[in-house]
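Encoded as structure tokens, the structure appears first; notes follow it.
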Amino acid sequence: MKKNTSLHHSVQQQWICFSVYLISMLLLITIAKIFSERRIIFFILLSVAGFLGWTYLEYHLHRFWTHNKTSKSTKGAYKRHIHHHQHPTEIKVTPLQRIILFILSAIQFILSARWNNYFTFFSSFFIGFAYSFFSHWMLHQSWSGKIFPRLLRFHICHHSKYPDSCFGFSTTLWDDIFRTTPPKEVVITERIIRFYYGEEDHYHSINNS
């Protein structure tokens, strides 16, 4: 009985999150349509909508699929993801795969800028997808704290003390919206940093961000 209640709550939360996302996308696309004669604004709005579209999907899959150990349909994804939690330095995307994603993203961007139509939304969605592979890799490099310290702090919290929060690794936006952020007073210890990427140099910079 408890399991069914938990599952119902999870499904309910998914629909709440998806509804917020859908309303946001419809609003952005509607505004873009209103400014369709202002080509630069039109392009920017569709680009933002597409990129945010992927970042939401990233958040949704991470939160409701790869951390759902009760559903049979997500059991495989859960096991693979937990392995990454246990071995944070192991990231299976290769440099060649990232190069291919970068080239495809560049082609998509050039085409969307040239055509400047609703293809821009799908192009930016793909670019967001490609970027997530770069951002996740960067979050496991010690120098990433100098570029986006808050996102790094969130990701380390997710890997260590708070696996049920901090689900975005391209942006903290959806964590802020859906209140899945870690406590502000949390301190990332030196032991956690050693486990996360084996370097101590950035301990103070992360905790002071």
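For the structure tokens, the naming scheme is as follows: chains receive sequential letters (A, B, ...) according to their order of presentation, residues are indexed from 1 within each chain, and ligands are indexed from 1 in presentation order.
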
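Shell of A:Ala49 at 9 Å, with only C-alpha atoms counted and residues fewer than 5 places along the chain excluded, is Ser24, Met25, Leu26, Leu28, Ile29, Ile44, Trp54, Phe121, Ser124 and Phe125 of chain A.
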
Restricting it to C-alpha atoms, dump the selection as a CSV table (one decimal), in the first residue's frame.
```csv
chain,number,residue,atom,x,y,z
A,24,SER,CA,6.4,28.1,-19.9
A,25,MET,CA,7.0,26.7,-23.4
A,26,LEU,CA,3.6,27.8,-24.8
A,28,LEU,CA,7.6,31.6,-24.9
A,29,ILE,CA,6.5,30.3,-28.3
A,44,ILE,CA,16.3,34.5,-29.7
A,54,TRP,CA,16.0,20.1,-23.2
A,121,PHE,CA,13.2,25.5,-31.5
A,124,SER,CA,18.2,24.6,-29.9
A,125,PHE,CA,16.6,21.6,-28.2
```

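As for atom CA of A:Pro163 and atom CA of A:Leu61, they are spaced 14.0 Å apart.
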
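The shell of residues at most 12 Å from A:Leu27, with only C-alpha atoms counted and near chain neighbours (fewer than 5 positions) removed, consists of A:Val20, A:Tyr21, A:Leu22, A:Ala32, A:Lys33, A:Ile34, A:Leu45, A:Leu46, A:Val48, A:Ala49.
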
**Item:** Selected residue, from A:Phe169, A:Phe64, A:Trp174, A:Phe18, that lies nearest to A:Leu52 when counting only C-alpha atoms
**Value:**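 The closest residue to A:Leu52 is A:Trp174.
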
**Asked** Which parts of stretch 4-184 of chain A does DSSP call helix (DSSP H, G or I) when run on the backbone here, written out as number ranges by chain?
**Response** A: 4-34, 39-64, 72-86, 95-115, 119-138, 142-146, 149-159, 173-177

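With only C-alpha atoms as the atoms that count, the minimum distance from A:Ile100 to the choices A:Phe122, A:Ala130, A:Trp143, A:Cys166 is reached by A:Ala130.
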
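By only C-alpha atoms, and with residues fewer than 5 positions from A:Trp137 along its chain excluded, the set lying at most 12 Å from it is A:Pro88, A:Thr89, A:Glu90, A:Ile91, A:Lys92, A:Val93, A:Thr94, A:Pro95, A:Arg98, A:Ala130, A:Tyr131, A:Ser132, A:Ser142, A:Trp143, A:Ser144, A:Leu152, A:His155, A:Phe169, A:Ser170, A:Tyr197.
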
Save out the residues we just selected, C-alpha atoms, as a PDB file, in the first residue's frame.
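The resulting file, again-v1.pdb, is shown below:
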```pdb
ATOM      1  CA  PRO A  88      31.732   9.798 -10.099  1.00  0.00           C
ATOM      2  CA  THR A  89      34.877  10.036 -12.227  1.00  0.00           C
ATOM      3  CA  GLU A  90      33.599   7.377 -14.639  1.00  0.00           C
ATOM      4  CA  ILE A  91      31.779   9.139 -17.497  1.00  0.00           C
ATOM      5  CA  LYS A  92      31.103   6.947 -20.502  1.00  0.00           C
ATOM      6  CA  VAL A  93      30.752   9.647 -23.183  1.00  0.00           C
ATOM      7  CA  THR A  94      33.991   9.670 -25.189  1.00  0.00           C
ATOM      8  CA  PRO A  95      35.860  12.715 -26.597  1.00  0.00           C
ATOM      9  CA  ARG A  98      31.547  15.017 -27.904  1.00  0.00           C
ATOM     10  CA  ALA A 130      24.609  18.134 -26.827  1.00  0.00           C
ATOM     11  CA  TYR A 131      25.606  20.758 -24.274  1.00  0.00           C
ATOM     12  CA  SER A 132      24.439  18.538 -21.413  1.00  0.00           C
ATOM     13  CA  SER A 142      38.112  20.678 -10.672  1.00  0.00           C
ATOM     14  CA  TRP A 143      38.322  23.923 -12.682  1.00  0.00           C
ATOM     15  CA  SER A 144      34.551  24.013 -13.311  1.00  0.00           C
ATOM     16  CA  LEU A 152      29.099  22.576  -9.306  1.00  0.00           C
ATOM     17  CA  HIS A 155      26.074  18.604  -8.412  1.00  0.00           C
ATOM     18  CA  PHE A 169      23.435  19.532 -14.564  1.00  0.00           C
ATOM     19  CA  SER A 170      23.062  22.103 -17.351  1.00  0.00           C
ATOM     20  CA  TYR A 197      37.285  14.241  -8.054  1.00  0.00           C
TER      21      TYR A 197
END
```
